[in-house]
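**Q** Here it is, the structure in full.
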Amino acid sequence: MESLTSRMQAIQSPIIPVVGELIKNSPGTISLGQGVVYYTPPPEAIEFLPKFLAEENNHLYKSVEGIAPLVTALAGKLQAFNGIEINGENCIVVTAGSNMGFMNAILAITNPGDEIILNTPYYFNHEMAIAMAGCRPILVATDENYQLQTEAIAQAITPKTRAVVTISPNNPTGVVYSEATLRQVNEICRTRGIYHISDEAYEYFTYDGVKHISPGAFDGSSKYTISLYSLSKAYGFASWRIGYMVIPQHLLVAVKKVQDTILICPPVISQYAALGALQAKEKYLQENIGAISQVRQLVLKSLNRLQGLCTITPANGAFYFFLKVHTQIDAFELVKRLIQEYKVAVIPGTTFGIDNQCYLRVAYGALQQETAKEGIERLVEGLQNIIRS
């Protein structure tokens with residue numbers, strides 16, 4: 001059996017568990033690696049759990065696309081925050097996180113051998129999902145500030161292209177795409193008869209007056225735009241596994257086939273918690289994201305001491321900075337040394353599709369201010385010493 005090959009052999013290993021093992025073997029390491037938030041779900045989420053327990057039928061399978069009260073609440077949120085109206089051309093499907101929404105979308109719109117355009121640096125789970133589906137990720141480079149190059153995207157489209165993927169605010173770079181740029185991508189997809197998959201997991205995490213834009217709100221875009229959302233970040237919901245997607249109505253049957261096969265239905269107890277979370281007052285998001293904004297300023301101030309050793313690209317979203325390190329050291333080797341010698345962890349850029357130079361993703365959302373300050377000091381000291389040695 002060991003000699004048998006598998007499609008999974010060609011798939012990259014998820015980097016978070018790999019770095020997690022290195023952290024485990026180096027006690028006291030501060031992680032600036034995984035993209036999670038420091039805070040917990042709002043009390044309203046927990047308060048809704050008795051409502052789940054009060055109904056015996058809730059222990060049975062529920063609707064593949066999500067329980068009706070949650071779908072209704074999400075429709076209201078989409079209208080109010082994203083400017084997306086749920087109408088006869090589109091619909092909501094609740095998923096077990098937005099990663100599942102992405103896999104649902106890829107399996108629903110492709111045949112093996114089809115192509116999906118990813119902008120580099122890409123989110124590694126997107127690349128993995130495309131490869132697992134037997135499709136080809138077509139990589140299009142962003143510019144020196146990690147902004148989309150729409151002409152390059154248009155030139156990369158072939159008869160096998162099924163979708164262009166955008167992530168804004170972006171993982172791993174933290175940049176936010178302008179409305180004009182997203183409109184250009186959306187129009188390219190419309191005119192070429194392909195889908196625009198818009199990953200908006202970090203929609204609430206924007207800073208310095210920058211506004212989040214949802215392509216699904218553009219006039220006439222409902223028939224070819226797939227929008228992905230998550231409660232994992234904004235509501236501290238990572239382990240509850242609840243996300244949702246807004247899809248063209250004509251994809252619903254296909255998406256339900258995928259979801260019913262893999263999941264049957266999203267965890268109902270988590271859907272109740274999500275329904276409660278959506279009742280939280282605005283103060284919950286404002287205060288928690290405000291605290292992350294303060295950490296961001298602290299991190300940026302420390303990183304600026306690396307000028308000349310690293311290129312720090314401005315980033316007004318998510319909770320990441322993507323550093324270009326001016327060294328010939330392999331990115332993963334650098335990550336290992338930072339953990340073993342300086343007890344601070346970051347993620348190598350190679351896992352995001354950048355392998356011709358040394359890049360590191362720094363995540364700052366998971367830590368309280370004092371811990372973040374200590375972690376970033378260790379990172380700056382480590383990079384200064386390693387690069388200069």
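To be explicit about the labels: the chains of the structure tokens are called A, B, and onward in the order shown, and within each one the residues are counted from 1, while ligands get numbers from 1 in the order they are shown.
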Could you pull the residues within 7 Å of A:Val362, counting only C-alpha atoms, minus those fewer than 4 positions along the same chain, as a PyMOL selection string?
**A** chain A and resi 32-33+320-322+346-347
**Q** Report as CSV: every residue of stretch 11-118 of chain A with an atom at most 10 Å from stretch 271-284 of chain A, its closest pair of atoms, and their distance in Å to one decimal, counting only C-alpha atoms, with rows sorted by chain and ascending residue number.
**A**
```
residue,atom,partner,partner_atom,distance
A:Pro41,CA,A:Ala277,CA,7.0
A:Pro42,CA,A:Ala277,CA,6.0
A:Pro43,CA,A:Ala277,CA,7.7
A:Glu44,CA,A:Gly276,CA,4.9
A:Ala45,CA,A:Gly276,CA,4.1
A:Ile46,CA,A:Ala273,CA,6.1
A:Glu47,CA,A:Gly276,CA,7.0
A:Phe48,CA,A:Gly276,CA,5.3
A:Leu49,CA,A:Ala273,CA,6.1
A:Pro50,CA,A:Tyr272,CA,9.1
A:Lys51,CA,A:Tyr272,CA,7.6
A:Phe52,CA,A:Tyr272,CA,6.3
A:Leu53,CA,A:Tyr272,CA,9.9
A:Asn58,CA,A:Tyr272,CA,10.0
A:Gly66,CA,A:Gln271,CA,7.6
A:Ile67,CA,A:Gln271,CA,7.3
A:Pro69,CA,A:Leu275,CA,7.4
A:Leu70,CA,A:Leu275,CA,5.4
A:Val71,CA,A:Leu275,CA,8.9
A:Thr72,CA,A:Leu275,CA,9.6
A:Ala73,CA,A:Leu275,CA,7.1
A:Leu74,CA,A:Leu278,CA,8.1
A:Gly76,CA,A:Leu278,CA,10.0
A:Lys77,CA,A:Leu278,CA,8.2
A:Val94,CA,A:Gln271,CA,8.4
A:Thr95,CA,A:Gln271,CA,9.5
A:Ala96,CA,A:Gln271,CA,9.5
```
**Q** For each of A:Val246, A:Ala217, A:Lys301, A:Ser13, take the minimum atom-to-atom distance to A:Met128, counting only C-alpha atoms, then give the residue where this is smallest.
**A**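 Closest to A:Met128, using only C-alpha atoms: A:Ser13.
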**Q** With distances taken over only C-alpha atoms, which residue among A:Ile92, A:Val64, A:Ile242, A:Val37 lies nearest A:Asp260?
**A**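 Looking at the shortest contact to A:Asp260, the residue is A:Val64.
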**Q** Report the closest atom pair, with its distance in Å rounded to one decimal, for each residue of stretch 278-376 of chain A that has an atom no farther than 9 Å from stretch 134-157 of chain A; count only C-alpha atoms, sort by chain and then rising residue number, and write it as a Markdown table.
**A**
```
| residue | atom | partner | partner_atom | distance |
| --- | --- | --- | --- | --- |
| A:Thr313 | CA | A:Asn145 | CA | 6.0 |
| A:Pro314 | CA | A:Asn145 | CA | 7.5 |
| A:Ala315 | CA | A:Asn145 | CA | 8.8 |
| A:Gly353 | CA | A:Leu139 | CA | 8.5 |
```
**Q** Could you save the residues just selected, with C-alpha atoms, as a compact mmCIF listing (two decimals), in the first residue's frame?
**A**
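Result file follows (out28.txt):
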```txt
# COMPACT_ATOMS: atom_id res chain seq x y z
CA THR A 313 4.74 47.50 2.41
CA PRO A 314 1.89 49.66 3.80
CA ALA A 315 -1.16 47.58 4.67
CA GLY A 353 3.50 31.08 -3.51
```
**Q** Please determine, counting only C-alpha atoms, which residue among A:Phe352, A:Gln368, A:Glu341, A:Gly308 has the shortest atom-to-atom distance to A:Asn119.
**A** A:Phe352
**Q** Show which residues sit within 10 Å of stretch 285-290 of chain A, as a ChimeraX atom specification. Count only C-alpha atoms, and ignore same-chain residues fewer than 4 positions away.
**A** /A:37-40,42,204-207,234-236,280-281,294-296,318-319,365
**Q** So, with only C-alpha atoms as the atoms that count, which of A:Thr350, A:Ser168, A:Thr311, A:Ser302 lies closest to A:Gly375?
**A**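 Of A:Thr350, A:Ser168, A:Thr311, A:Ser302, the one nearest A:Gly375, counting only C-alpha atoms, is A:Ser302.
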**Q** Restricting the calculation to only C-alpha atoms: of A:Asn99, A:Leu60, A:Met8, A:Gly20, which residue gets closest to A:Val268?
**A** A:Leu60
**Q** Rounded to one decimal place, report the atom CA of A:Val165-atom CA of A:Ile117 distance in Å.
**A**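 So the two atoms, atom CA of A:Val165 and atom CA of A:Ile117, lie 6.1 Å apart.
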**Q** Could you find all residues in stretch 13-193 of chain A that DSSP calls alpha helix (DSSP H) from the backbone, and write them as a ChimeraX atom specification?
**A** /A:15-24,43-47,49-53,68-77,98-109,124-132,150-156,179-192
**Q** Using only C-alpha atoms, pick whichever of A:Leu379, A:Val176, A:Leu303, A:Ile16 has the shortest atom-to-atom distance to A:Gln340.
**A** A:Leu379
**Q** Give me, as a Markdown table, the closest atom pair and its distance (Å, one decimal) for every residue of stretch 39-121 of chain A within a cut-off of 12 Å of stretch 250-258 of chain A, counting only C-alpha atoms, rows sorted by chain and rising number.
**A**
```
| residue | atom | partner | partner_atom | distance |
| --- | --- | --- | --- | --- |
| A:Ser63 | CA | A:Lys256 | CA | 9.8 |
| A:Val64 | CA | A:Lys256 | CA | 6.5 |
| A:Glu65 | CA | A:Lys256 | CA | 6.9 |
| A:Gly66 | CA | A:Lys256 | CA | 10.6 |
| A:Gly88 | CA | A:His250 | CA | 10.0 |
| A:Glu89 | CA | A:His250 | CA | 7.8 |
| A:Asn90 | CA | A:His250 | CA | 8.0 |
| A:Cys91 | CA | A:Leu252 | CA | 7.7 |
| A:Ile92 | CA | A:Leu252 | CA | 8.9 |
| A:Val93 | CA | A:Leu252 | CA | 8.2 |
| A:Val94 | CA | A:Lys256 | CA | 10.5 |
| A:Thr95 | CA | A:Val255 | CA | 10.4 |
| A:Met100 | CA | A:Val258 | CA | 9.8 |
| A:Gly101 | CA | A:Val255 | CA | 8.9 |
| A:Phe102 | CA | A:Val255 | CA | 10.4 |
| A:Met103 | CA | A:Val258 | CA | 8.7 |
| A:Asn104 | CA | A:Val255 | CA | 5.7 |
| A:Ala105 | CA | A:Val255 | CA | 6.8 |
| A:Ile106 | CA | A:Val255 | CA | 9.4 |
| A:Leu107 | CA | A:Val258 | CA | 7.2 |
| A:Ala108 | CA | A:Ala254 | CA | 5.3 |
| A:Ile109 | CA | A:Leu251 | CA | 7.9 |
| A:Thr110 | CA | A:Ala254 | CA | 10.7 |
```
**Q** Would you mind listing what lies within 12 Å of stretch 383-386 of chain A as a PyMOL selection string, with only C-alpha atoms counted and same-chain residues fewer than 5 positions away left out?
**A** chain A and resi 302-310+323-329+331+333-339+341-342+344-346+358-360+376-378
**Q** Can you measure atom CA of A:Arg388 to atom CA of A:Lys343 for me? One decimal in Å is fine.
**A** 18.6 Å
**Q** Got a sec to tell me which of stretch 65-286 of chain A DSSP assigns to strand (DSSP E), as an NGL selection string?
**A** :A and (90-95 or 115-120 or 136-141 or 161-167 or 195-199 or 225-230 or 243-248)
